[in-house]
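Next comes run.csv, a file with CSV, N, CA and C atoms.
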```csv
chain,number,residue,atom,x,y,z
A,775,MET,N,0.9,-1.2,0.0
A,775,MET,CA,0.0,0.0,0.0
A,775,MET,C,0.9,1.2,0.0
A,776,ASN,N,0.6,2.2,-0.9
A,776,ASN,CA,1.4,3.4,-0.9
A,776,ASN,C,0.8,4.5,0.0
A,777,LEU,N,1.6,5.5,0.2
A,777,LEU,CA,1.2,6.5,1.2
A,777,LEU,C,0.0,7.3,0.7
A,778,ARG,N,-0.2,7.5,-0.6
A,778,ARG,CA,-1.4,8.2,-1.1
A,778,ARG,C,-2.7,7.5,-0.7
A,779,GLN,N,-2.6,6.1,-0.7
A,779,GLN,CA,-3.8,5.4,-0.3
A,779,GLN,C,-4.1,5.6,1.1
A,780,LYS,N,-3.2,6.0,1.9
A,780,LYS,CA,-3.4,6.3,3.3
A,780,LYS,C,-3.7,7.8,3.5
A,781,ASN,N,-4.0,8.5,2.4
A,781,ASN,CA,-4.3,10.0,2.5
A,781,ASN,C,-3.1,10.8,3.0
A,782,ILE,N,-1.9,10.4,2.7
A,782,ILE,CA,-0.7,11.2,3.0
A,782,ILE,C,-0.2,11.8,1.8
A,783,SER,N,-0.4,13.1,1.6
A,783,SER,CA,0.0,13.7,0.4
A,783,SER,C,1.3,14.4,0.4
A,784,ARG,N,1.9,14.6,1.6
A,784,ARG,CA,3.1,15.3,1.8
A,784,ARG,C,4.2,14.4,2.4
A,785,ILE,N,5.2,14.2,1.8
A,785,ILE,CA,6.3,13.3,2.3
A,785,ILE,C,6.9,14.0,3.6
A,786,ASP,N,6.8,15.3,3.6
A,786,ASP,CA,7.3,16.1,4.8
A,786,ASP,C,6.6,15.7,6.1
A,787,ASP,N,5.4,15.1,6.0
A,787,ASP,CA,4.6,14.8,7.1
A,787,ASP,C,5.0,13.4,7.7
A,788,VAL,N,5.9,12.7,7.0
A,788,VAL,CA,6.3,11.4,7.5
A,788,VAL,C,7.6,11.5,8.3
A,789,GLU,N,7.6,11.0,9.5
A,789,GLU,CA,8.7,11.0,10.4
A,789,GLU,C,9.7,9.9,9.9
A,790,TRP,N,9.3,8.7,9.6
A,790,TRP,CA,10.1,7.7,9.1
A,790,TRP,C,9.3,6.7,8.3
A,791,ALA,N,9.9,5.9,7.4
A,791,ALA,CA,9.2,4.9,6.6
A,791,ALA,C,10.1,3.8,6.4
A,792,THR,N,9.6,2.6,6.3
A,792,THR,CA,10.4,1.4,6.0
A,792,THR,C,9.6,0.5,4.9
A,793,LEU,N,10.4,-0.2,4.2
A,793,LEU,CA,9.8,-1.1,3.2
A,793,LEU,C,9.8,-2.5,3.9
A,794,GLU,N,8.7,-3.1,4.1
A,794,GLU,CA,8.6,-4.3,4.8
A,794,GLU,C,8.9,-5.5,3.8
A,795,ALA,N,9.2,-6.7,4.4
A,795,ALA,CA,9.5,-7.8,3.6
A,795,ALA,C,8.4,-8.2,2.7
A,796,ASN,N,7.2,-8.0,3.1
A,796,ASN,CA,6.0,-8.3,2.3
A,796,ASN,C,5.7,-7.3,1.2
A,797,GLY,N,6.5,-6.2,1.1
A,797,GLY,CA,6.3,-5.2,0.1
A,797,GLY,C,5.4,-4.0,0.6
A,798,GLN,N,4.9,-4.1,1.8
A,798,GLN,CA,4.1,-3.0,2.4
A,798,GLN,C,5.1,-1.9,2.9
A,799,ILE,N,4.5,-0.7,3.0
A,799,ILE,CA,5.3,0.4,3.6
A,799,ILE,C,4.8,0.6,5.0
A,800,GLY,N,5.8,0.6,5.9
A,800,GLY,CA,5.5,1.0,7.3
A,800,GLY,C,6.0,2.4,7.5
A,801,TYR,N,5.2,3.2,8.3
A,801,TYR,CA,5.6,4.6,8.4
A,801,TYR,C,5.0,5.1,9.7
A,802,GLU,N,5.5,6.2,10.1
A,802,GLU,CA,5.0,7.0,11.3
A,802,GLU,C,4.9,8.4,10.9
A,803,LEU,N,3.8,9.1,11.1
A,803,LEU,CA,3.7,10.5,10.8
A,803,LEU,C,4.3,11.3,11.9
A,804,LYS,N,4.8,12.5,11.5
A,804,LYS,CA,5.3,13.4,12.6
A,804,LYS,C,4.1,13.8,13.5
A,805,GLN,N,4.4,14.1,14.7
A,805,GLN,CA,3.3,14.4,15.7
A,805,GLN,C,2.4,15.4,15.2
A,806,GLU,N,2.9,16.5,14.6
A,806,GLU,CA,2.0,17.6,14.2
A,806,GLU,C,1.1,17.2,13.0
A,807,ALA,N,1.4,16.1,12.3
A,807,ALA,CA,0.7,15.7,11.1
A,807,ALA,C,-0.3,14.5,11.5
A,808,GLN,N,-0.2,14.0,12.7
A,808,GLN,CA,-1.1,12.9,13.1
A,808,GLN,C,-2.5,13.4,13.3
A,809,PRO,N,-3.5,12.6,12.9
A,809,PRO,CA,-4.9,13.1,13.1
A,809,PRO,C,-5.2,13.1,14.6
A,810,ALA,N,-6.2,14.0,14.9
A,810,ALA,CA,-6.6,14.1,16.3
A,810,ALA,C,-7.4,12.9,16.7
A,811,THR,N,-7.2,12.5,17.9
A,811,THR,CA,-8.0,11.4,18.4
A,811,THR,C,-9.2,11.9,19.2
A,812,LYS,N,-10.1,11.0,19.5
A,812,LYS,CA,-11.3,11.4,20.3
A,812,LYS,C,-10.9,12.0,21.6
A,813,GLY,N,-9.8,11.4,22.2
A,813,GLY,CA,-9.3,12.0,23.4
A,813,GLY,C,-8.7,13.4,23.3
A,814,ASP,N,-8.0,13.6,22.2
A,814,ASP,CA,-7.5,15.0,21.9
A,814,ASP,C,-8.6,16.0,21.8
A,815,VAL,N,-9.7,15.6,21.1
A,815,VAL,CA,-10.8,16.6,20.9
A,815,VAL,C,-11.5,16.8,22.3
A,816,GLN,N,-11.7,15.7,23.0
A,816,GLN,CA,-12.3,15.9,24.4
A,816,GLN,C,-11.5,16.8,25.3
A,817,GLN,N,-10.2,16.6,25.3
A,817,GLN,CA,-9.3,17.4,26.1
A,817,GLN,C,-9.4,18.9,25.7
A,818,LEU,N,-9.4,19.2,24.4
A,818,LEU,CA,-9.6,20.5,23.9
A,818,LEU,C,-10.9,21.1,24.3
A,819,TYR,N,-12.0,20.3,24.2
A,819,TYR,CA,-13.3,20.8,24.5
A,819,TYR,C,-13.3,21.1,26.0
A,820,THR,N,-12.7,20.3,26.9
A,820,THR,CA,-12.7,20.6,28.3
A,820,THR,C,-12.0,21.9,28.6
A,821,GLU,N,-10.8,22.1,27.9
A,821,GLU,CA,-10.1,23.3,28.2
A,821,GLU,C,-10.8,24.5,27.7
A,822,ILE,N,-11.5,24.4,26.6
A,822,ILE,CA,-12.3,25.6,26.1
A,822,ILE,C,-13.5,25.9,27.1
A,823,LYS,N,-14.1,24.8,27.6
A,823,LYS,CA,-15.2,25.0,28.6
A,823,LYS,C,-14.6,25.7,29.9
A,824,ASN,N,-13.5,25.3,30.3
A,824,ASN,CA,-12.9,25.9,31.5
A,824,ASN,C,-12.6,27.4,31.3
A,825,VAL,N,-12.0,27.7,30.2
A,825,VAL,CA,-11.7,29.1,29.9
A,825,VAL,C,-13.0,29.9,29.8
A,826,GLN,N,-14.1,29.3,29.2
A,826,GLN,CA,-15.4,30.0,29.1
A,826,GLN,C,-15.9,30.3,30.5
A,827,GLN,N,-15.8,29.3,31.4
A,827,GLN,CA,-16.3,29.5,32.8
A,827,GLN,C,-15.5,30.5,33.5
A,828,GLN,N,-14.2,30.6,33.3
A,828,GLN,CA,-13.3,31.6,34.0
A,828,GLN,C,-13.7,33.0,33.5
A,829,LEU,N,-13.9,33.1,32.2
A,829,LEU,CA,-14.3,34.4,31.6
A,829,LEU,C,-15.7,34.8,32.2
A,830,ALA,N,-16.6,33.9,32.3
A,830,ALA,CA,-17.9,34.3,32.8
A,830,ALA,C,-17.8,34.7,34.3
A,831,GLN,N,-17.0,34.0,35.1
A,831,GLN,CA,-16.8,34.4,36.4
A,831,GLN,C,-16.2,35.8,36.5
A,832,ARG,N,-15.2,36.1,35.7
A,832,ARG,CA,-14.6,37.4,35.7
A,832,ARG,C,-15.6,38.5,35.3
A,833,ARG,N,-16.4,38.2,34.3
A,833,ARG,CA,-17.4,39.2,33.9
A,833,ARG,C,-18.4,39.5,35.1
A,834,MET,N,-18.8,38.4,35.8
A,834,MET,CA,-19.7,38.6,36.9
A,834,MET,C,-19.1,39.4,38.0
A,835,LEU,N,-17.8,39.3,38.2
A,835,LEU,CA,-17.1,40.0,39.3
A,835,LEU,C,-16.5,41.3,38.8
A,836,GLY,N,-16.5,41.5,37.5
A,836,GLY,CA,-15.9,42.7,37.0
A,836,GLY,C,-14.4,42.7,37.1
A,837,VAL,N,-13.8,41.6,37.2
A,837,VAL,CA,-12.3,41.5,37.4
A,837,VAL,C,-11.6,41.5,36.1
A,838,GLY,N,-10.6,42.4,36.0
A,838,GLY,CA,-9.8,42.4,34.8
A,838,GLY,C,-10.5,43.0,33.5
A,839,LEU,N,-11.6,43.6,33.7
A,839,LEU,CA,-12.3,44.2,32.6
A,839,LEU,C,-12.1,45.7,32.5
A,840,VAL,N,-11.9,46.2,31.4
A,840,VAL,CA,-11.8,47.6,31.2
A,840,VAL,C,-13.2,48.2,31.2
A,841,LYS,N,-13.4,49.1,32.1
A,841,LYS,CA,-14.8,49.6,32.2
A,841,LYS,C,-15.0,50.8,31.3
A,842,SER,N,-14.0,51.5,31.0
A,842,SER,CA,-14.2,52.6,30.0
A,842,SER,C,-12.9,52.7,29.2
A,843,PHE,N,-13.0,53.0,28.0
A,843,PHE,CA,-11.9,53.2,27.1
A,843,PHE,C,-11.9,54.6,26.5
A,844,ASN,N,-11.0,55.4,26.8
A,844,ASN,CA,-10.9,56.8,26.3
A,844,ASN,C,-9.5,57.0,25.8
A,845,PRO,N,-9.3,56.7,24.5
A,845,PRO,CA,-8.0,56.8,24.0
A,845,PRO,C,-7.6,58.3,23.8
A,846,ARG,N,-6.3,58.6,23.9
A,846,ARG,CA,-5.9,60.0,23.7
A,846,ARG,C,-5.7,60.2,22.2
A,847,PRO,N,-6.0,61.4,21.8
A,847,PRO,CA,-5.9,61.7,20.3
A,847,PRO,C,-4.4,61.6,19.9
A,848,ILE,N,-4.2,61.2,18.7
A,848,ILE,CA,-2.8,61.2,18.2
A,848,ILE,C,-2.7,62.3,17.2
A,849,TYR,N,-1.6,63.1,17.4
A,849,TYR,CA,-1.4,64.2,16.5
A,849,TYR,C,-0.1,63.9,15.6
A,850,PHE,N,-0.2,64.1,14.4
A,850,PHE,CA,0.9,63.9,13.5
A,850,PHE,C,1.4,65.3,13.0
A,851,LYS,N,2.7,65.4,13.0
A,851,LYS,CA,3.4,66.7,12.5
A,851,LYS,C,3.5,66.6,11.0
A,852,LYS,N,3.2,67.7,10.4
A,852,LYS,CA,3.3,67.8,8.9
A,852,LYS,C,4.7,68.2,8.5
```
Would you mind giving the structure from this file in structure tokens?
Amino acid sequence: MNLRQKNISRIDDVEWATLEANGQIGYELKQEAQPATKGDVQQLYTEIKNVQQQLAQRRMLGVGLVKSFNPRPIYFKK
């Protein structure tokens, strides 16, 4: 089986590859090219929910929020 049949279009995504005795190609993708697992997606979801909860708590408490924004004018010399 070749790499294209495994949906690998860039050789740069392959960490290493070997030609097996049976003619098959063994390979490992670089970590950044490996597909996300269900566990990876669940972990990301959990982290996003935690950040959303922290932001909601800060909004309720008014912590770290800019209450008013009044920028100074910028003057350019000609």
Grab the CA of Ala791 (chain A) to atom N of Gln805 (chain A) distance for me, in Å with one decimal place.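 We find that CA of Ala791 (chain A) and atom N of Gln805 (chain A) lie 13.2 Å from each other.
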How far is it from CA of Glu806 (chain A) to CA of Asp787 (chain A), in Å with one decimal? 8.1 Å
Using only C-alpha atoms, which of A:Gln817, A:Asn781, A:Gln826, A:Gln831 sits nearest Leu803 (chain A)? A:Asn781
Nearest to Val788 (chain A): which of A:Pro809, A:Leu829, A:Asn776, A:Glu802 is it, counting all atoms listed in the file?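 Among the listed residues, A:Glu802 lies closest to Val788 (chain A).
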What does the distance from atom C of Leu818 (chain A) to CA of Ala830 (chain A) come to in Å, to one decimal?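 Here the two named atoms are 17.2 Å from each other.
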Nearest to Gln798 (chain A) by atom-to-atom distance, counting only C-alpha atoms, from A:Ala810, A:Ser783, A:Val815, A:Leu777: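 When distances to Gln798 (chain A) are compared using only C-alpha atoms, the smallest one comes from A:Leu777.
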Completion of region 812-823 of chain A up to all heavy atoms, as a CSV table (one decimal), in the coordinates of the input:
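Dumped to rebuild03.csv:
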```
chain,number,residue,atom,x,y,z
A,812,LYS,N,-10.1,11.0,19.5
A,812,LYS,CA,-11.3,11.4,20.3
A,812,LYS,C,-10.9,12.0,21.6
A,812,LYS,O,-11.4,13.0,22.1
A,812,LYS,CB,-12.2,10.2,20.5
A,812,LYS,CG,-13.5,10.6,21.1
A,812,LYS,CD,-14.4,9.4,21.2
A,812,LYS,CE,-15.7,9.8,21.8
A,812,LYS,NZ,-16.7,8.6,21.9
A,813,GLY,N,-9.8,11.4,22.2
A,813,GLY,CA,-9.3,12.0,23.4
A,813,GLY,C,-8.7,13.4,23.3
A,813,GLY,O,-8.9,14.2,24.2
A,814,ASP,N,-8.0,13.6,22.2
A,814,ASP,CA,-7.5,15.0,21.9
A,814,ASP,C,-8.6,16.0,21.8
A,814,ASP,O,-8.5,17.1,22.4
A,814,ASP,CB,-6.7,15.0,20.6
A,814,ASP,CG,-5.4,14.2,20.6
A,814,ASP,OD1,-4.9,13.9,21.7
A,814,ASP,OD2,-5.0,13.7,19.5
A,815,VAL,N,-9.7,15.6,21.1
A,815,VAL,CA,-10.8,16.6,20.9
A,815,VAL,C,-11.5,16.8,22.3
A,815,VAL,O,-11.9,17.9,22.6
A,815,VAL,CB,-11.8,16.0,19.9
A,815,VAL,CG1,-13.0,16.9,19.8
A,815,VAL,CG2,-11.1,15.9,18.5
A,816,GLN,N,-11.7,15.7,23.0
A,816,GLN,CA,-12.3,15.9,24.4
A,816,GLN,C,-11.5,16.8,25.3
A,816,GLN,O,-12.1,17.6,26.0
A,816,GLN,CB,-12.5,14.5,25.0
A,816,GLN,CG,-13.2,14.5,26.3
A,816,GLN,CD,-14.6,15.1,26.2
A,816,GLN,OE1,-15.4,14.8,25.3
A,816,GLN,NE2,-15.0,16.0,27.1
A,817,GLN,N,-10.2,16.6,25.3
A,817,GLN,CA,-9.3,17.4,26.1
A,817,GLN,C,-9.4,18.9,25.7
A,817,GLN,O,-9.5,19.8,26.5
A,817,GLN,CB,-7.9,17.0,26.0
A,817,GLN,CG,-6.9,17.8,26.9
A,817,GLN,CD,-5.5,17.3,26.7
A,817,GLN,OE1,-5.2,16.3,26.0
A,817,GLN,NE2,-4.6,18.0,27.4
A,818,LEU,N,-9.4,19.2,24.4
A,818,LEU,CA,-9.6,20.5,23.9
A,818,LEU,C,-10.9,21.1,24.3
A,818,LEU,O,-11.0,22.3,24.7
A,818,LEU,CB,-9.4,20.6,22.4
A,818,LEU,CG,-9.5,21.9,21.7
A,818,LEU,CD1,-8.4,22.9,22.2
A,818,LEU,CD2,-9.3,21.8,20.2
A,819,TYR,N,-12.0,20.3,24.2
A,819,TYR,CA,-13.3,20.8,24.5
A,819,TYR,C,-13.3,21.1,26.0
A,819,TYR,O,-13.9,22.2,26.4
A,819,TYR,CB,-14.3,19.7,24.2
A,819,TYR,CG,-15.7,20.0,24.7
A,819,TYR,CD1,-16.5,20.8,24.0
A,819,TYR,CD2,-16.2,19.4,25.9
A,819,TYR,CE1,-17.8,21.1,24.4
A,819,TYR,CE2,-17.5,19.7,26.3
A,819,TYR,CZ,-18.3,20.5,25.6
A,819,TYR,OH,-19.6,20.8,26.0
A,820,THR,N,-12.7,20.3,26.9
A,820,THR,CA,-12.7,20.6,28.3
A,820,THR,C,-12.0,21.9,28.6
A,820,THR,O,-12.4,22.7,29.4
A,820,THR,CB,-12.1,19.4,29.0
A,820,THR,OG1,-12.8,18.2,28.8
A,820,THR,CG2,-12.0,19.6,30.5
A,821,GLU,N,-10.8,22.1,27.9
A,821,GLU,CA,-10.1,23.3,28.2
A,821,GLU,C,-10.8,24.5,27.7
A,821,GLU,O,-10.8,25.6,28.4
A,821,GLU,CB,-8.7,23.2,27.4
A,821,GLU,CG,-7.8,22.2,28.0
A,821,GLU,CD,-6.5,22.0,27.3
A,821,GLU,OE1,-6.1,22.9,26.4
A,821,GLU,OE2,-5.8,21.0,27.5
A,822,ILE,N,-11.5,24.4,26.6
A,822,ILE,CA,-12.3,25.6,26.1
A,822,ILE,C,-13.5,25.9,27.1
A,822,ILE,O,-13.7,27.0,27.5
A,822,ILE,CB,-12.9,25.3,24.7
A,822,ILE,CG1,-11.8,25.3,23.7
A,822,ILE,CG2,-14.0,26.3,24.4
A,822,ILE,CD1,-12.2,24.8,22.3
A,823,LYS,N,-14.1,24.8,27.6
A,823,LYS,CA,-15.2,25.0,28.6
A,823,LYS,C,-14.6,25.7,29.9
A,823,LYS,O,-15.3,26.6,30.5
A,823,LYS,CB,-15.9,23.7,29.0
A,823,LYS,CG,-16.7,23.2,27.8
A,823,LYS,CD,-17.7,24.1,27.3
A,823,LYS,CE,-19.1,23.8,27.8
A,823,LYS,NZ,-20.1,24.8,27.3
```
